[in-house]
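In what follows, a structure is listed as structure tokens, so that the remarks can point back to it.
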Amino acid sequence: MINLTKLYCGLDSPSDPLRYGPDGSRDPGRGPEAAPTARTRKPIVVWTMSRRCNLHCVHCYTDSENRDYPGELTVDDARRMLEDLAEFRIPALLLSGGEPLAHPHFFELAAEAARLGLRLTLSTNGTLIDAETARRIRETGFTYVGISFDGLGKVNDQFRGRQGAFEAALAGVRRLKAVGQRVGLRFTLTRRNAAALPQIFELVEREGMDRVCFYHLVYSGRGSRIAVDDLAHADTRDVLDQICAWAVALESLDRRVEILTVDNHVDGVYLYLKLREGDPGRAEMVRRLLEWNGGGANASGVGIANIDACGNVHPDQFWQTATLGNVRERPFSQIWTDESHPLLAGLRNRLPLLKGRCGRCRWKPLCGGSFRVRALQATGDAWAPDPACYLTDEEIAG
Ligand code: SF4
């Protein structure tokens with residue numbers, strides 16, 4: 001995740017310490033020597049609680065449907081897993097799916113995670129949030145709820161595979177806001193919906209959302225079938241420029257919305273290059289923050305982990321084709337610290353393995369080769385260049 005509000009506008013957010021270090025919000029001039037190594041960094045765990053989902057989104061990475069899936073973790077399995085995650089001291093647990101609120105024991109397990117001291121966030125399609133559900137989410141102690149929208153009205157409904165999904169999700173946002181829950185919008189960028197960005201900005205402002213996350217497309221699950229809908233590189237740059245301009249406009253109005261981009265660490269370098277043109281001093285500070293963060297080199301398999309509904313551990317939620325172990329057989333803490341798996345070992349020391357333009361790129365220490373599973377899906381080689389890198393050859397040379 002790239003915190004654009006922090007990097008481009010210099011505004012601090014509560015989760016900055018996770019991305020830019022314990023003192024990231026106070027001391028941005030700190031050098032990269034303060035960063036934990038790939039071995040000592042604990043991962044944010046994305047737990048796919050269940051594959052079941054009441055919608056049928058075109059880019060769903062779990063290829064979910066509204067049905068039972070055999071072999072998912074029992075409540076006892078899940079409780080044991082949560083205890084291990086708490087003892088391992090992961091920085092945050094993201095409950096995801098499928099649709100996590102469709103899990104029959106969602107609140108029981110979320111309450112158990114909170115009791116164990118885990119920092120909880122929720123990723124949901126928002127359509128199942130009635131007033132009572134909103135109240136229980138707030139009382140459970142979620143620090144943040146992200147709700148997916150991929151456009152307004154019918155455009156969103158086409159992405160989500162159900163008529164009325166937009167209105168239902170919007171009602172969910174309003175109910176959460178009504179109980180004081182921190183809530184934000186998740187938007188996956190594609191050719192089909194990039195033109196709707198101005199309306200999305202408007203929606204975020206009108207509904208008083210606290211955060212917005214712009215996701216780059218990852219070609220995984222059903223997302224692999226719409227890889228052709230990924231933005232052209234020039235369009236990605238244009239989108240980033242629009243988001244930056246909006247962030248600056250919000251800042252001038254003193255409106256606090258945390259703006260993040262997700263699943264493409266090239267964005268950090270792009271912001272740095274933009275800043276370098278107009279404000280070299282701030283650009284240098286941003287370079288240090290990005291270096292501390294490490295980009296993709298500290299994401300999949302290092303600072304991000306996924307446990308799927310059956311207990312299989314993956315380097316991230318999009319990398320379902322690689323399984324590192326199963327929490328029914330071994331605790332997550334053991335699976336994650338056992339580097340005998342060649343992929344995990346590679347991800348923990350990936351910079352020397354990068355090939356092609358990523359291998360020779362001058363921005364490797366900041367970008368970390370971006371998103372490896374996208375390279376794998378596009379080429380069959382996890383160390384090939386990330387096809388979503390939109391920097392020019394001139395920009396990466398030197
Ligand atoms: S070439 Fe590779 S390492 Fe360099 S910015 Fe692009 S994705 Fe990142």
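Residue numbers start at 1 in each chain; chains themselves are named A, B, ... in the order of the structure tokens; ligands are numbered from 1 in the order shown.
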
With the cut-off set at 6 Å and counting only C-alpha atoms and all ligand atoms, tabulate each residue of chain A with an atom at most that distance from an atom of ligand 1, showing the nearest atom pair and its distance in Å to one decimal, ordered by chain and increasing number, as JSON lines.
```
{"residue": "A:Val266", "atom": "CA", "partner": "ligand 1", "partner_atom_place_in_ligand_line": "5 (S)", "distance": 4.9}
{"residue": "A:Arg357", "atom": "CA", "partner": "ligand 1", "partner_atom_place_in_ligand_line": "1 (S)", "distance": 4.9}
{"residue": "A:Cys358", "atom": "CA", "partner": "ligand 1", "partner_atom_place_in_ligand_line": "2 (Fe)", "distance": 3.4}
{"residue": "A:Cys361", "atom": "CA", "partner": "ligand 1", "partner_atom_place_in_ligand_line": "4 (Fe)", "distance": 4.5}
{"residue": "A:Trp363", "atom": "CA", "partner": "ligand 1", "partner_atom_place_in_ligand_line": "4 (Fe)", "distance": 5.2}
{"residue": "A:Lys364", "atom": "CA", "partner": "ligand 1", "partner_atom_place_in_ligand_line": "3 (S)", "distance": 4.3}
{"residue": "A:Cys367", "atom": "CA", "partner": "ligand 1", "partner_atom_place_in_ligand_line": "8 (Fe)", "distance": 4.6}
{"residue": "A:Gly368", "atom": "CA", "partner": "ligand 1", "partner_atom_place_in_ligand_line": "3 (S)", "distance": 5.5}
{"residue": "A:Gly369", "atom": "CA", "partner": "ligand 1", "partner_atom_place_in_ligand_line": "3 (S)", "distance": 3.6}
{"residue": "A:Ser370", "atom": "CA", "partner": "ligand 1", "partner_atom_place_in_ligand_line": "7 (S)", "distance": 4.8}
{"residue": "A:Pro385", "atom": "CA", "partner": "ligand 1", "partner_atom_place_in_ligand_line": "2 (Fe)", "distance": 5.7}
{"residue": "A:Asp386", "atom": "CA", "partner": "ligand 1", "partner_atom_place_in_ligand_line": "7 (S)", "distance": 5.1}
{"residue": "A:Cys389", "atom": "CA", "partner": "ligand 1", "partner_atom_place_in_ligand_line": "6 (Fe)", "distance": 4.5}
{"residue": "A:Ile396", "atom": "CA", "partner": "ligand 1", "partner_atom_place_in_ligand_line": "4 (Fe)", "distance": 5.9}
```

Selection from above, N, CA and C atoms, as a PDB file, in the first residue's frame, can you write it?
```pdb
ATOM      1  N   VAL A 266       5.123   0.734  -7.812  1.00  0.00           N
ATOM      2  CA  VAL A 266       5.655   1.740  -8.739  1.00  0.00           C
ATOM      3  C   VAL A 266       5.069   3.114  -8.386  1.00  0.00           C
ATOM      4  N   ARG A 357      13.823  -5.625 -16.929  1.00  0.00           N
ATOM      5  CA  ARG A 357      13.889  -4.204 -16.536  1.00  0.00           C
ATOM      6  C   ARG A 357      13.816  -4.045 -15.016  1.00  0.00           C
ATOM      7  N   CYS A 358      13.133  -4.970 -14.304  1.00  0.00           N
ATOM      8  CA  CYS A 358      13.142  -4.886 -12.829  1.00  0.00           C
ATOM      9  C   CYS A 358      14.552  -5.148 -12.297  1.00  0.00           C
ATOM     10  N   CYS A 361      16.679  -2.008 -12.780  1.00  0.00           N
ATOM     11  CA  CYS A 361      16.030  -0.738 -12.431  1.00  0.00           C
ATOM     12  C   CYS A 361      16.745  -0.047 -11.269  1.00  0.00           C
ATOM     13  N   TRP A 363      15.375   1.922  -9.232  1.00  0.00           N
ATOM     14  CA  TRP A 363      14.436   2.160  -8.125  1.00  0.00           C
ATOM     15  C   TRP A 363      14.100   0.897  -7.348  1.00  0.00           C
ATOM     16  N   LYS A 364      14.836  -0.171  -7.590  1.00  0.00           N
ATOM     17  CA  LYS A 364      14.581  -1.429  -6.871  1.00  0.00           C
ATOM     18  C   LYS A 364      14.496  -1.258  -5.351  1.00  0.00           C
ATOM     19  N   CYS A 367      10.940   0.289  -4.820  1.00  0.00           N
ATOM     20  CA  CYS A 367       9.780  -0.413  -5.378  1.00  0.00           C
ATOM     21  C   CYS A 367       9.809  -1.898  -5.067  1.00  0.00           C
ATOM     22  N   GLY A 368      11.020  -2.453  -4.929  1.00  0.00           N
ATOM     23  CA  GLY A 368      11.162  -3.874  -4.603  1.00  0.00           C
ATOM     24  C   GLY A 368      10.667  -4.798  -5.710  1.00  0.00           C
ATOM     25  N   GLY A 369      10.598  -4.297  -6.937  1.00  0.00           N
ATOM     26  CA  GLY A 369      10.118  -5.162  -8.029  1.00  0.00           C
ATOM     27  C   GLY A 369       8.607  -5.282  -8.049  1.00  0.00           C
ATOM     28  N   SER A 370       7.944  -4.406  -7.305  1.00  0.00           N
ATOM     29  CA  SER A 370       6.481  -4.334  -7.278  1.00  0.00           C
ATOM     30  C   SER A 370       5.831  -5.684  -6.966  1.00  0.00           C
ATOM     31  N   PRO A 385       9.808  -9.144 -15.030  1.00  0.00           N
ATOM     32  CA  PRO A 385       9.335  -7.777 -14.747  1.00  0.00           C
ATOM     33  C   PRO A 385       7.831  -7.742 -14.495  1.00  0.00           C
ATOM     34  N   ASP A 386       7.419  -6.841 -13.600  1.00  0.00           N
ATOM     35  CA  ASP A 386       5.986  -6.646 -13.352  1.00  0.00           C
ATOM     36  C   ASP A 386       5.395  -5.934 -14.569  1.00  0.00           C
ATOM     37  N   CYS A 389       4.290  -2.167 -14.510  1.00  0.00           N
ATOM     38  CA  CYS A 389       5.199  -1.033 -14.284  1.00  0.00           C
ATOM     39  C   CYS A 389       5.037  -0.037 -15.424  1.00  0.00           C
ATOM     40  N   ILE A 396      13.746   4.516 -15.414  1.00  0.00           N
ATOM     41  CA  ILE A 396      14.336   3.472 -14.546  1.00  0.00           C
ATOM     42  C   ILE A 396      15.845   3.332 -14.752  1.00  0.00           C
TER      43      ILE A 396
END
```

Give me, as a tab-separated table, the closest atom pair and its distance (Å, one decimal) for every residue of region 258-376 of chain A within a cut-off of 12 Å of region 91-114 of chain A, counting only C-alpha atoms, rows sorted by chain and rising number.
```
residue	atom	partner	partner_atom	distance
A:Gly303	CA	A:Pro91	CA	9.4
A:Ile304	CA	A:Ala92	CA	9.9
A:Ala305	CA	A:Leu93	CA	9.8
A:Asn306	CA	A:Leu94	CA	9.4
A:Ile307	CA	A:Ser96	CA	10.0
A:Asp308	CA	A:Gly97	CA	8.5
A:Ala309	CA	A:Gly97	CA	8.0
A:Cys310	CA	A:Gly97	CA	11.7
A:Asp316	CA	A:Leu94	CA	11.9
A:Gln317	CA	A:Ser96	CA	9.5
A:Phe318	CA	A:Gly97	CA	11.9
```

Can you measure CA of His341 (chain A) to CA of Gly311 (chain A) for me? One decimal in Å is fine.
17.3 Å

Show which residues sit within 8 Å of region 371-379 of chain A, as a PyMOL selection string. Count only C-alpha atoms, and ignore same-chain residues fewer than 4 positions away.
chain A and resi 218-220+224+263-265+296+300+318-319+383-388

When DSSP is applied to the backbone of this structure, which of region 56-132 of chain A are assigned strand (DSSP E)? Write them out as a VMD selection string.
chain A and resid 93 to 96 120 to 124

For the residues in the current selection, export N, CA and C atoms as a PDB file, in the first residue's frame.
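This went into out_15.pdb:
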```
ATOM      1  N   LEU A  93      -4.823  -8.008  11.587  1.00  0.00           N
ATOM      2  CA  LEU A  93      -5.535  -9.119  10.935  1.00  0.00           C
ATOM      3  C   LEU A  93      -6.667  -8.524  10.106  1.00  0.00           C
ATOM      4  N   LEU A  94      -6.647  -8.812   8.801  1.00  0.00           N
ATOM      5  CA  LEU A  94      -7.704  -8.330   7.911  1.00  0.00           C
ATOM      6  C   LEU A  94      -8.659  -9.481   7.629  1.00  0.00           C
ATOM      7  N   LEU A  95      -9.916  -9.327   8.029  1.00  0.00           N
ATOM      8  CA  LEU A  95     -10.912 -10.361   7.748  1.00  0.00           C
ATOM      9  C   LEU A  95     -11.504 -10.111   6.373  1.00  0.00           C
ATOM     10  N   SER A  96     -11.396 -11.151   5.522  1.00  0.00           N
ATOM     11  CA  SER A  96     -11.784 -10.992   4.134  1.00  0.00           C
ATOM     12  C   SER A  96     -12.537 -12.241   3.674  1.00  0.00           C
ATOM     13  N   LEU A 120      -7.891  -5.374  14.318  1.00  0.00           N
ATOM     14  CA  LEU A 120      -8.797  -5.931  13.307  1.00  0.00           C
ATOM     15  C   LEU A 120      -9.207  -4.910  12.252  1.00  0.00           C
ATOM     16  N   THR A 121      -9.188  -5.346  10.988  1.00  0.00           N
ATOM     17  CA  THR A 121      -9.814  -4.571   9.923  1.00  0.00           C
ATOM     18  C   THR A 121     -10.708  -5.530   9.125  1.00  0.00           C
ATOM     19  N   LEU A 122     -11.630  -4.956   8.377  1.00  0.00           N
ATOM     20  CA  LEU A 122     -12.618  -5.775   7.661  1.00  0.00           C
ATOM     21  C   LEU A 122     -12.724  -5.311   6.216  1.00  0.00           C
ATOM     22  N   SER A 123     -12.717  -6.288   5.302  1.00  0.00           N
ATOM     23  CA  SER A 123     -12.926  -5.993   3.891  1.00  0.00           C
ATOM     24  C   SER A 123     -14.217  -6.675   3.463  1.00  0.00           C
ATOM     25  N   THR A 124     -15.218  -5.898   3.038  1.00  0.00           N
ATOM     26  CA  THR A 124     -16.549  -6.449   2.772  1.00  0.00           C
ATOM     27  C   THR A 124     -17.170  -5.801   1.550  1.00  0.00           C
TER      28      THR A 124
END
```

From the list A:Gln320, A:Gln242, A:Ser252, A:Thr190, which residue is nearest Asp230 (chain A) when using only C-alpha atoms?
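Of all the options, A:Thr190 lies closest to Asp230 (chain A).
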
Residue neighbourhood Phe187 (chain A), 7 Å, only C-alpha atoms, exclusion window fewer than 3 positions, as an NGL selection string
:A and (148-150 or 213-215)

Need to verify the contact set: Asp267 (chain A), 9 Å, only C-alpha atoms, exclusion of same-chain residues closer than 3 positions in sequence. Can you return it as a ChimeraX atom specification?
/A:2,4,237,240,261-262,264,270-272,367,389-390

Dump as an mmCIF file, in the first residue's frame, selection limited to N, CA and C atoms:
```cif
data_model
loop_
_atom_site.group_PDB
_atom_site.id
_atom_site.type_symbol
_atom_site.label_atom_id
_atom_site.label_comp_id
_atom_site.auth_asym_id
_atom_site.auth_seq_id
_atom_site.Cartn_x
_atom_site.Cartn_y
_atom_site.Cartn_z
ATOM 1 N N ILE A 2 0.492 2.219 -0.798
ATOM 2 C CA ILE A 2 1.203 3.493 -0.835
ATOM 3 C C ILE A 2 0.257 4.536 -0.248
ATOM 4 N N LEU A 4 -0.730 7.829 -0.264
ATOM 5 C CA LEU A 4 -0.532 9.023 -1.101
ATOM 6 C C LEU A 4 -0.707 10.300 -0.282
ATOM 7 N N ARG A 237 -0.737 6.452 -15.454
ATOM 8 C CA ARG A 237 -0.094 7.724 -15.050
ATOM 9 C C ARG A 237 -1.145 8.824 -14.930
ATOM 10 N N LEU A 240 -3.065 8.364 -11.732
ATOM 11 C CA LEU A 240 -2.292 8.823 -10.570
ATOM 12 C C LEU A 240 -2.283 10.344 -10.491
ATOM 13 N N THR A 261 -2.976 3.872 -2.548
ATOM 14 C CA THR A 261 -3.013 3.012 -3.735
ATOM 15 C C THR A 261 -2.442 1.662 -3.327
ATOM 16 N N VAL A 262 -2.923 0.618 -3.981
ATOM 17 C CA VAL A 262 -2.617 -0.739 -3.517
ATOM 18 C C VAL A 262 -2.211 -1.623 -4.698
ATOM 19 N N ASN A 264 0.578 -1.913 -6.432
ATOM 20 C CA ASN A 264 1.579 -1.517 -7.421
ATOM 21 C C ASN A 264 2.528 -0.517 -6.752
ATOM 22 N N TYR A 270 6.714 6.864 -8.626
ATOM 23 C CA TYR A 270 6.081 7.893 -9.463
ATOM 24 C C TYR A 270 5.827 9.168 -8.652
ATOM 25 N N LEU A 271 5.330 8.996 -7.419
ATOM 26 C CA LEU A 271 5.088 10.169 -6.567
ATOM 27 C C LEU A 271 6.404 10.879 -6.260
ATOM 28 N N TYR A 272 7.427 10.083 -5.965
ATOM 29 C CA TYR A 272 8.743 10.665 -5.682
ATOM 30 C C TYR A 272 9.238 11.490 -6.882
ATOM 31 N N CYS A 367 10.940 0.289 -4.820
ATOM 32 C CA CYS A 367 9.780 -0.413 -5.378
ATOM 33 C C CYS A 367 9.809 -1.898 -5.067
ATOM 34 N N CYS A 389 4.290 -2.167 -14.510
ATOM 35 C CA CYS A 389 5.199 -1.033 -14.284
ATOM 36 C C CYS A 389 5.037 -0.037 -15.424
ATOM 37 N N TYR A 390 4.713 1.190 -15.076
ATOM 38 C CA TYR A 390 4.413 2.190 -16.092
ATOM 39 C C TYR A 390 5.492 3.254 -16.198
#
```

From a DSSP pass on the backbone, collect the residues of region 148-259 of chain A flagged as helix (DSSP H, G or I) and hand them back as a PyMOL selection string.
chain A and resi 153-160+165-178+194-206+221-229+233-252

Excluding Gly164 (chain A) and any residue of its chain fewer than 6 positions from it, enumerate the residues within 12 Å of it, using only C-alpha atoms, and give them as a PyMOL selection string.
chain A and resi 55+126-127+152-158+170-171

Would you mind exporting the chosen residues as an mmCIF file, in the first residue's frame, restricted to C-alpha atoms?
```cif
data_model
loop_
_atom_site.group_PDB
_atom_site.id
_atom_site.type_symbol
_atom_site.label_atom_id
_atom_site.label_comp_id
_atom_site.auth_asym_id
_atom_site.auth_seq_id
_atom_site.Cartn_x
_atom_site.Cartn_y
_atom_site.Cartn_z
ATOM 1 C CA LEU A 55 -22.138 -11.390 -5.065
ATOM 2 C CA GLY A 126 -21.059 -3.922 2.284
ATOM 3 C CA THR A 127 -24.364 -5.329 1.078
ATOM 4 C CA LEU A 152 -21.529 4.275 -9.515
ATOM 5 C CA GLY A 153 -24.950 2.665 -9.935
ATOM 6 C CA LYS A 154 -25.180 0.209 -12.787
ATOM 7 C CA VAL A 155 -21.428 0.244 -13.534
ATOM 8 C CA ASN A 156 -20.790 -1.038 -10.020
ATOM 9 C CA ASP A 157 -23.619 -3.571 -10.310
ATOM 10 C CA GLN A 158 -22.145 -4.982 -13.520
ATOM 11 C CA LEU A 170 -24.019 2.571 0.031
ATOM 12 C CA ALA A 171 -26.642 1.864 2.700
#
```

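In this comparison, which uses only C-alpha atoms, the residue of A:Cys53, A:Leu275, A:Leu324, A:Leu366 approaching Arg160 (chain A) most closely is A:Cys53.
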
In Å, rounded to a single decimal, give me how far CA of Arg119 (chain A) is from CA of Leu176 (chain A).
18.4 Å

Give me, as a list of chain:residue names, all polymer residues having an atom no more than 12 Å from Glu251 (chain A), counting only C-alpha atoms and skipping those fewer than 2 positions away in the same chain.
A:Leu4, A:Thr5, A:Lys6, A:Tyr8, A:Cys9, A:Gly10, A:Leu11, A:Cys244, A:Ala245, A:Trp246, A:Ala247, A:Val248, A:Ala249, A:Leu253, A:Asp254, A:Arg255, A:Arg256, A:Val257, A:Glu258, A:Ile259

For the residues in the current selection, export C-alpha atoms as a CSV table (one decimal), in the first residue's frame.
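What follows is the written file again-v4.csv:
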```
chain,number,residue,atom,x,y,z
A,4,LEU,CA,-0.5,9.0,-1.1
A,5,THR,CA,-1.9,11.5,1.5
A,6,LYS,CA,1.3,11.0,3.6
A,8,TYR,CA,2.4,13.5,-1.6
A,9,CYS,CA,0.7,15.9,0.8
A,10,GLY,CA,2.7,15.2,4.0
A,11,LEU,CA,-0.3,14.5,6.1
A,244,CYS,CA,-2.8,13.5,-6.7
A,245,ALA,CA,-4.7,16.6,-7.9
A,246,TRP,CA,-7.7,15.5,-5.9
A,247,ALA,CA,-5.6,14.9,-2.8
A,248,VAL,CA,-4.1,18.4,-3.0
A,249,ALA,CA,-7.6,19.9,-3.5
A,253,LEU,CA,-10.2,22.5,1.8
A,254,ASP,CA,-8.9,21.0,5.1
A,255,ARG,CA,-10.8,17.8,4.3
A,256,ARG,CA,-9.1,14.7,5.8
A,257,VAL,CA,-9.5,11.6,3.6
A,258,GLU,CA,-6.7,9.0,3.7
A,259,ILE,CA,-5.9,8.1,0.1
```

Selected residue of minimal separation from Asp210 (chain A) among A:Val183, A:Val75, A:Ala297, A:Val173, counting only C-alpha atoms
A:Val183
